[in-house]
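K.L.:
Starting off with a structure, shown below.
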Amino acid sequence: MDFRVSEDQQSVLEAVAKLCRRFDDAYWLERDRHGGFPSDFYDAMAQEGWLGICTNQTYGGSGLGITEAAIMMRTISESGAGLSGASTVHINIFGLNPVAVFGSEEQKQRMIRPIAEGREKACFAVTEPNTGLNTTQLKLRADKRGDRYVVNGQKVWISTAQVADNILLLARTTPLDQVKKPTDGLSLFYTRFDRDRIRVAEIEKMGRKAVDSNELFFEDFEIPESDRIGDEGKGFEYILHGMNPERVLIAAEAVGLGFAALRKATEYARERVVFNRPIGKNQAIQHPLAVCHANLEAAWLATVKAAWEYDNGLPCGASANIAKYLAGEAGFQACQTAVMTHGGFGYAKEYHVERYLRESLIPRIAPVSPQLALCFIAEKVLGLPKSY
């Protein structure tokens with residue numbers, strides 16, 4: 001068992017870190033204050049080819065694995081960009097995996113290449129206002145009419161919809177009361193984002209102001225049949241192929257954010273003098289920071305294990321959920337500890353850790369809650385009865 005980073009992986013880390021240094025703390029603080037999609041950061045990532053890190057070379061990517069992508073996403077987040085930076089490119093890395101697995105050759109060339117090359121932006125629309133994580137109960141309908149589907153309904157918490165060119169959409173094509181299993185009757189589409197038929201309402205939120213979150217209202221939105229991915233009614237099965245990579249990447253981002261906060265806290269603890277001594281000499285400061293470091297390291301090992309399993313074609317559902325749970329908790333605790341280490345200054349925006357704390361709640365909550373991750377582990381790993 002070899003825990004060393006390969007030469008290729010080290011090259012990814014160093015190159016992405018170099019790019020990120022062009023976008024310093026002041027840049028991300030400005031984005032946090034005033035919002036606005038970080039197009040210059042996105043364009044820089046695209047120009048250097050990072051948006052297609054996991055995409056097959058046939059479709060314009062680098063052909064590397066989720067492991068390398070996790071290293072990249074941790075590096076972005078750890079640079080101080082946090083979730084604002086990571087979320088800018090997040091969907092480009094894993095979002096079209098269902099197309100890569102189940103799409104036709106024509107769809108792969110038409111849909112994947114522009115995303116991998118950064119020429120188009122996309123959003124991923126699954127969640128609905130009244131279903132939450134219970135995906136089988138989705139109500140947004142796509143009714144077949146000739147060679148088109150007509151979509152009506154709502155989606156919520158859809159990131160980057162303000163700037164998206166395309167939308168990856170999960171919709172019910174067969175009513176729930178007409179299917180044998182609730183997972184049947186859902187279909188997956190990837191199509192143009194028609195703003196005449198999709199009304200976008202931005203949600204004001206606690207953090208990550210630079211990357212928008214939205215509620216979408218569909219009214220007679222038409223999708224060509226040629227934009228349906230795979231077979232009608234099999235969409236739930238297809239999106240599962242994006243869920244484990246997403247859990248791995250969000251775990252990497254949480255770890256990176258935690259280490260960014262830890263770096264700020266330890267620097268402050270060395271420099272801040274109270275009662276004629278640096279506060280970093282006090283074990284009441286040292287020990288919580290050391291615990292955070294240990295927990296982040298453990299979460300990172302869980303993350304790269306899950307990524308390795310995925311890249312080697314092994315079952316990785318349990319590892320991906322474990323990594324997501326551990327990283328979400330470790331990242332949050334590190335950010336909270338960083339604020340407390342700074343004392344009153346931790347509440348001031350100029351020290352950045354309060355922004356990290358606000359953003360640390362994202363990988364705790366999404367894309368799956370810590371409670372549901374634990375339910376998965378209890379059922380699938382420990383063999384306990386399903387609880388929901």
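The chains in the structure tokens are called A, B, ... from first to last as shown; in each chain the residues are counted from 1, and the ligands are counted from 1 in the order shown.
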Could you give me, as a list in words, the residues within 8 Å of Ile285 in chain A, counting only C-alpha atoms and dropping anything in the same chain fewer than 5 positions from it?
P.N.:
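Once the nearby chain positions are removed, what remains is Ala269, Ile279, Gly280 and Thr341 of chain A.
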K.L.:
Out of range 76-295 of chain A, which residues get helix (DSSP H, G or I) from DSSP, as number ranges by chain?
P.N.:
A: 76-94, 97-102, 105-116, 135-137, 176-178, 225-227, 235-271, 279-281, 283-295
K.L.:
Fewer than 6 positions away in the same chain doesn't count, so skip those; otherwise give me all residues within 7 Å of range 10-13 of chain A, counting only C-alpha atoms, as a CSV table (one decimal) with C-alpha atoms, in the first residue's frame.
P.N.:
chain,number,residue,atom,x,y,z
A,71,ILE,CA,-6.6,16.8,-5.4
A,72,MET,CA,-7.5,19.7,-7.7
A,75,THR,CA,-6.2,22.6,-3.8
K.L.:
In Å, rounded to a single decimal, give me how far CA of Ala306 in chain A is from CA of Ser6 in chain A.
P.N.:
17.0 Å
K.L.:
Identify, on the basis of only C-alpha atoms, every residue whose closest approach to Arg247 in chain A does not exceed 7 Å; exclude the query and any residue fewer than 2 positions from it along the same chain; express the result as number ranges by chain.
P.N.:
A: 243-245, 249-251, 320-321, 324
K.L.:
Would you output that residue set with C-alpha atoms, as a PDB file, in the first residue's frame?
P.N.:
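Okay, result-v3.pdb is ready:
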ATOM      1  CA  MET A 243     -23.525  10.857  -7.094  1.00  0.00           C
ATOM      2  CA  ASN A 244     -20.472   9.002  -5.803  1.00  0.00           C
ATOM      3  CA  PRO A 245     -17.977  11.225  -7.664  1.00  0.00           C
ATOM      4  CA  LEU A 249     -15.317  15.957  -4.701  1.00  0.00           C
ATOM      5  CA  ILE A 250     -17.408  17.770  -2.085  1.00  0.00           C
ATOM      6  CA  ALA A 251     -15.445  15.902   0.596  1.00  0.00           C
ATOM      7  CA  ALA A 320     -17.943   7.954  -0.723  1.00  0.00           C
ATOM      8  CA  ASN A 321     -20.578   8.475   1.962  1.00  0.00           C
ATOM      9  CA  LYS A 324     -18.445  12.991   2.667  1.00  0.00           C
TER      10      LYS A 324
END
K.L.:
Could you tell me how far CA of Cys54 in chain A sits from CA of Ser226 in chain A, in Å to one decimal place?
P.N.:
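CA of Cys54 in chain A lies at a distance of 24.8 Å from CA of Ser226 in chain A.
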K.L.:
Considering only C-alpha atoms, return as a list in words whatever protein or nucleic-acid residues lie within 12 Å of Gly343 in chain A, sequence-local ones (same chain, fewer than 5 positions apart) excluded.
P.N.:
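The residues satisfying every condition are Ala265, Tyr268, Ala269, Arg272, Val274, Ile279, Ile285, Gln336, Thr337, Ala338, Ala348, Tyr351, Val353 and Glu354 of chain A.
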K.L.:
Can you pull out every residue within 10 Å of Gly85 in chain A, counting only C-alpha atoms, but drop anything in the same chain fewer than 4 positions away, and send it as a PyMOL selection string?
P.N.:
chain A and resi 20+23+28+31+37-38+41-42+73+76-81+89-90+208+210-211+253
K.L.:
Which residues, written as an mmCIF file with N, CA and C atoms, in the first residue's frame, have at least one atom at most 6 Å from range 216-223 of chain A, with only C-alpha atoms counted and residues fewer than 2 positions away on the same chain left out?
P.N.:
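Dumped to part_29.cif:
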data_model
loop_
_atom_site.group_PDB
_atom_site.id
_atom_site.type_symbol
_atom_site.label_atom_id
_atom_site.label_comp_id
_atom_site.auth_asym_id
_atom_site.auth_seq_id
_atom_site.Cartn_x
_atom_site.Cartn_y
_atom_site.Cartn_z
ATOM 1 N N ARG A 148 -40.954 15.632 -28.955
ATOM 2 C CA ARG A 148 -40.538 16.578 -27.922
ATOM 3 C C ARG A 148 -41.166 16.202 -26.589
ATOM 4 N N TYR A 149 -40.541 16.730 -25.520
ATOM 5 C CA TYR A 149 -41.110 16.656 -24.179
ATOM 6 C C TYR A 149 -41.442 18.078 -23.736
ATOM 7 N N VAL A 150 -42.583 18.234 -23.109
ATOM 8 C CA VAL A 150 -42.990 19.536 -22.598
ATOM 9 C C VAL A 150 -42.951 19.491 -21.077
ATOM 10 N N VAL A 151 -42.175 20.378 -20.477
ATOM 11 C CA VAL A 151 -41.868 20.331 -19.047
ATOM 12 C C VAL A 151 -42.582 21.452 -18.303
ATOM 13 N N ASN A 152 -43.208 21.084 -17.186
ATOM 14 C CA ASN A 152 -43.824 22.061 -16.293
ATOM 15 C C ASN A 152 -43.541 21.660 -14.848
ATOM 16 N N GLY A 153 -43.269 22.656 -14.008
ATOM 17 C CA GLY A 153 -43.017 22.380 -12.601
ATOM 18 C C GLY A 153 -41.925 23.260 -12.036
ATOM 19 N N GLN A 154 -41.347 22.835 -10.895
ATOM 20 C CA GLN A 154 -40.355 23.642 -10.196
ATOM 21 C C GLN A 154 -39.149 22.811 -9.782
ATOM 22 N N LYS A 155 -38.023 23.485 -9.667
ATOM 23 C CA LYS A 155 -36.809 22.944 -9.055
ATOM 24 C C LYS A 155 -36.272 23.999 -8.092
ATOM 25 N N ARG A 197 -38.704 30.176 -21.172
ATOM 26 C CA ARG A 197 -39.607 29.172 -20.606
ATOM 27 C C ARG A 197 -39.197 28.712 -19.207
ATOM 28 N N ILE A 198 -38.051 29.183 -18.750
ATOM 29 C CA ILE A 198 -37.600 28.863 -17.381
ATOM 30 C C ILE A 198 -37.356 30.180 -16.662
ATOM 31 N N ARG A 199 -38.157 30.424 -15.653
ATOM 32 C CA ARG A 199 -37.962 31.638 -14.847
ATOM 33 C C ARG A 199 -37.017 31.301 -13.698
ATOM 34 N N VAL A 200 -36.002 32.135 -13.525
ATOM 35 C CA VAL A 200 -34.961 31.900 -12.525
ATOM 36 C C VAL A 200 -35.080 32.934 -11.414
#
K.L.:
If you run DSSP on the backbone, which residues of range 77-318 of chain A are strand (DSSP E), as a ChimeraX atom specification?
P.N.:
/A:122-125,141-145,148-159,166-172,186-192,198-202,213-224,228-229,273-274,277-278
K.L.:
Could you tell me which of A:Cys123, A:Leu133, A:Val179, A:Ile203 comes closest to Asp165 in chain A if we count only C-alpha atoms?
P.N.:
A:Cys123
K.L.:
One decimal, Å: what's the distance from CA of Lys144 in chain A over to CA of Val156 in chain A, could you say?
P.N.:
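Taking CA of Lys144 in chain A and CA of Val156 in chain A, their separation equals 23.3 Å.
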K.L.:
Using only C-alpha atoms, which residue out of A:Gly233, A:Thr55, A:Leu326, A:Leu29 lies closest to Ser369 in chain A?
P.N.:
A:Leu326
